[in-house]
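With mmCIF, C-alpha atoms inside, this is input_31.cif:
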```
data_input
#
loop_
_atom_site.label_atom_id
_atom_site.label_comp_id
_atom_site.auth_asym_id
_atom_site.auth_seq_id
_atom_site.Cartn_x
_atom_site.Cartn_y
_atom_site.Cartn_z
CA MET V 164 -1.46 -11.04 19.27
CA VAL V 165 -3.11 -11.27 15.85
CA MET V 166 -1.00 -10.18 12.90
CA ARG V 167 -2.91 -7.75 10.70
CA LYS V 168 -1.59 -7.99 7.17
CA ARG V 169 -3.13 -6.50 4.03
CA ARG V 170 -2.35 -6.49 0.35
CA VAL V 171 -3.85 -3.48 -1.38
CA ALA V 172 -3.59 -2.85 -5.14
CA ALA V 173 -4.22 0.29 -7.19
CA HIS V 174 -3.70 1.81 -10.61
CA SER V 175 -0.68 3.71 -9.29
CA ILE V 176 1.53 3.89 -6.21
CA VAL V 177 3.28 7.21 -5.52
CA TYR V 178 6.41 6.92 -3.37
CA PRO V 179 7.46 9.60 -0.84
CA ASP V 180 10.11 10.85 -3.33
CA GLY V 181 7.44 11.37 -6.00
CA LYS V 182 8.33 8.40 -8.18
CA GLU V 183 5.35 6.44 -9.41
CA MET V 184 4.67 2.77 -10.11
CA GLU V 185 1.75 1.89 -12.35
CA MET V 186 -0.42 -1.11 -11.44
CA GLY V 187 1.14 -1.81 -8.04
CA MET V 188 0.47 -3.63 -4.80
CA VAL V 189 1.33 -2.43 -1.29
CA LEU V 190 1.94 -4.85 1.59
CA ILE V 191 0.84 -3.41 4.95
CA GLU V 192 1.29 -4.79 8.49
CA HIS V 193 -0.22 -2.91 11.44
CA GLY V 194 -0.53 0.25 9.33
CA ILE V 195 3.13 0.23 8.18
CA VAL V 196 4.14 -0.49 4.58
CA THR V 197 6.43 -3.53 4.50
CA GLY V 198 6.76 -3.76 0.74
CA CYS V 199 5.62 -2.65 -2.70
CA ARG V 200 5.67 -4.58 -5.92
CA PRO V 201 4.21 -4.48 -9.41
CA LEU V 202 0.81 -6.10 -9.68
CA GLN V 203 1.03 -9.29 -11.71
CA GLY V 204 -2.19 -11.13 -12.38
CA GLU V 205 -4.68 -11.43 -9.54
CA PRO V 206 -2.81 -12.39 -6.36
CA PRO V 207 -5.04 -14.07 -3.75
CA PHE V 208 -6.24 -12.04 -0.75
CA THR V 209 -5.48 -8.73 -2.47
CA GLU V 210 -7.91 -5.80 -2.17
CA TRP V 211 -8.35 -3.69 -5.28
CA VAL V 212 -8.90 -0.02 -4.37
CA GLY V 213 -8.12 1.48 -7.77
CA GLY V 214 -6.95 5.04 -8.24
CA THR V 215 -3.79 6.16 -6.49
CA ILE V 216 -2.16 5.10 -3.23
CA LYS V 217 0.27 7.69 -1.85
CA LEU V 218 3.09 6.57 0.44
CA LYS V 219 4.35 8.94 3.14
CA THR V 220 7.15 8.68 5.69
CA ASN V 221 6.04 9.35 9.27
CA GLY V 222 8.09 10.92 12.09
CA LYS V 223 9.54 7.53 13.03
CA GLY V 224 10.89 6.94 9.51
CA GLN V 225 8.18 4.35 8.77
CA VAL V 226 6.29 4.39 5.49
CA THR V 227 2.49 4.57 5.62
CA ALA V 228 -0.09 4.37 2.81
CA TYR V 229 -2.97 6.73 2.03
CA LYS V 230 -5.95 6.56 -0.32
CA ASN V 231 -7.98 9.78 -0.71
CA GLN V 232 -6.07 11.28 2.26
CA LEU V 233 -7.19 8.44 4.56
CA LYS V 234 -4.57 6.14 6.06
CA ILE V 235 -4.81 2.51 5.00
CA GLU V 236 -4.51 0.35 8.10
#
```
Show me this structure written as structure tokens.
Amino acid sequence: MVMRKRRVAAHSIVYPDGKEMEMGMVLIEHGIVTGCRPLQGEPPFTEWVGGTIKLKTNGKGQVTAYKNQLKIE
């Protein structure tokens, strides 16, 4: 099984509770957010999508990420 991991950065990350982090990076594995952190420098293998990434909690209690209402896998 191949692990699918992504690092995606944007101008802002909005958490499910509405709090916001400016210049942040989201770590995603198999469509589930495994971490968020402030963007520092230019980390390798990080995709810049700009704008806003919104985090939502799904029915299983897992956090997922969306850009322009499309889920980031």
Exercise. One decimal, Å: what's the distance from atom CA of Val189 of chain V over to atom CA of Ile176 of chain V, could you say?
Key: 8.0 Å
Exercise. Could you please determine the separation between atom CA of Met188 of chain V and atom CA of Thr220 of chain V in Å, to one decimal place?
Key: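 Rounded to one decimal, the two atoms are 17.5 Å apart.
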Self-check item: Point-to-point distance from atom CA of Thr227 of chain V to atom CA of Gln203 of chain V, Å rounded to tenths
Solution: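 Interatomic distance, atom CA of Thr227 of chain V to atom CA of Gln203 of chain V: 22.2 Å.
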Self-check item: Polymer residues at most 6 Å from segment 183-186 of chain V, only C-alpha atoms, same-chain spacing of 5 or more positions, as a ChimeraX atom specification
Solution: /V:173-177,202
Practice problem: Within 10 Å of Lys234 of chain V, counting only C-alpha atoms, which residues show up once you throw out same-chain ones fewer than 2 positions away? Write them as a list of chain:residue names, please. | Solution: V:Gly194, V:Ile195, V:Ile216, V:Lys217, V:Leu218, V:Lys219, V:Thr227, V:Ala228, V:Tyr229, V:Lys230, V:Asn231, V:Gln232, V:Glu236
Quiz prompt | the PyMOL selection byres ((chain V and resi 208) around 8) resolved against shown file, as a list in words | solution =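 Selected by the PyMOL selection byres ((chain V and resi 208) around 8) here: Arg169, Arg170, Pro206, Pro207, Thr209 and Glu210 of chain V.
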Exercise. Do a neighbour search on Thr197 of chain V at 10 Å with all atoms listed in the file, toss out local chain neighbours closer than 5 positions, and write the hits as a VMD selection string.
Key: chain V and resid 168 189 to 192 225 to 227
Segment 187-206 of chain V: axis-aligned bounding box, 5 Å on each side, centre and edge lengths in Å, one decimal, as AutoDock Vina command-line options:
```
--center_x 1.0 --center_y -6.1 --center_z -0.5 --size_x 21.4 --size_y 22.6 --size_z 33.8
```
Quiz item: Quick one: of V:His193, V:Arg167, V:Asp180, V:Ala172, who's nearest to Gly213 of chain V, counting all atoms listed in the file?
Solution: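 Selected residue with least distance to Gly213 of chain V: V:Ala172.
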Using the atoms already present, construct N, CA and C atoms for segment 186-210 of chain V and hand them back as a short mmCIF file (atom, residue, chain, number, x, y, z; two decimals), in the coordinates of the input.
```
data_model
loop_
_atom_site.label_atom_id
_atom_site.label_comp_id
_atom_site.auth_asym_id
_atom_site.auth_seq_id
_atom_site.Cartn_x
_atom_site.Cartn_y
_atom_site.Cartn_z
N MET V 186 0.10 0.22 -11.74
CA MET V 186 -0.42 -1.11 -11.44
C MET V 186 0.44 -1.79 -10.36
N GLY V 187 0.30 -1.31 -9.13
CA GLY V 187 1.14 -1.81 -8.04
C GLY V 187 0.34 -2.34 -6.87
N MET V 188 1.05 -3.05 -6.00
CA MET V 188 0.47 -3.63 -4.80
C MET V 188 1.32 -3.22 -3.61
N VAL V 189 0.66 -2.83 -2.51
CA VAL V 189 1.33 -2.43 -1.29
C VAL V 189 1.04 -3.48 -0.22
N LEU V 190 2.08 -3.91 0.48
CA LEU V 190 1.94 -4.85 1.59
C LEU V 190 1.98 -4.04 2.88
N ILE V 191 0.97 -4.22 3.73
CA ILE V 191 0.84 -3.41 4.95
C ILE V 191 0.66 -4.33 6.16
N GLU V 192 1.44 -4.07 7.22
CA GLU V 192 1.29 -4.79 8.49
C GLU V 192 1.15 -3.76 9.60
N HIS V 193 0.05 -3.83 10.32
CA HIS V 193 -0.22 -2.91 11.44
C HIS V 193 -0.08 -1.45 11.02
N GLY V 194 -0.54 -1.13 9.81
CA GLY V 194 -0.53 0.25 9.33
C GLY V 194 0.78 0.72 8.74
N ILE V 195 1.81 -0.13 8.72
CA ILE V 195 3.13 0.23 8.18
C ILE V 195 3.37 -0.54 6.89
N VAL V 196 3.84 0.15 5.86
CA VAL V 196 4.14 -0.49 4.58
C VAL V 196 5.41 -1.33 4.74
N THR V 197 5.28 -2.62 4.41
CA THR V 197 6.43 -3.53 4.50
C THR V 197 6.97 -3.90 3.13
N GLY V 198 6.27 -3.48 2.08
CA GLY V 198 6.76 -3.76 0.74
C GLY V 198 5.83 -3.23 -0.33
N CYS V 199 6.38 -3.06 -1.52
CA CYS V 199 5.62 -2.65 -2.70
C CYS V 199 6.14 -3.48 -3.86
N ARG V 200 5.23 -3.82 -4.75
CA ARG V 200 5.67 -4.58 -5.92
C ARG V 200 4.68 -4.35 -7.05
N PRO V 201 5.13 -4.59 -8.28
CA PRO V 201 4.21 -4.48 -9.41
C PRO V 201 3.11 -5.53 -9.28
N LEU V 202 1.94 -5.18 -9.71
CA LEU V 202 0.81 -6.10 -9.68
C LEU V 202 0.90 -7.01 -10.89
N GLN V 203 0.95 -8.31 -10.63
CA GLN V 203 1.03 -9.29 -11.71
C GLN V 203 -0.13 -10.27 -11.54
N GLY V 204 -1.04 -10.24 -12.47
CA GLY V 204 -2.19 -11.13 -12.38
C GLY V 204 -3.13 -10.70 -11.27
N GLU V 205 -3.76 -11.69 -10.64
CA GLU V 205 -4.68 -11.43 -9.54
C GLU V 205 -4.23 -12.22 -8.32
N PRO V 206 -3.29 -11.67 -7.53
CA PRO V 206 -2.81 -12.39 -6.36
C PRO V 206 -3.95 -12.63 -5.37
N PRO V 207 -3.97 -13.79 -4.73
CA PRO V 207 -5.04 -14.07 -3.75
C PRO V 207 -4.97 -13.12 -2.56
N PHE V 208 -6.12 -12.87 -1.96
CA PHE V 208 -6.24 -12.04 -0.75
C PHE V 208 -5.73 -10.62 -0.95
N THR V 209 -5.90 -10.09 -2.16
CA THR V 209 -5.48 -8.73 -2.47
C THR V 209 -6.71 -7.87 -2.71
N GLU V 210 -6.79 -6.73 -2.02
CA GLU V 210 -7.91 -5.80 -2.17
C GLU V 210 -7.59 -4.82 -3.30
#
```
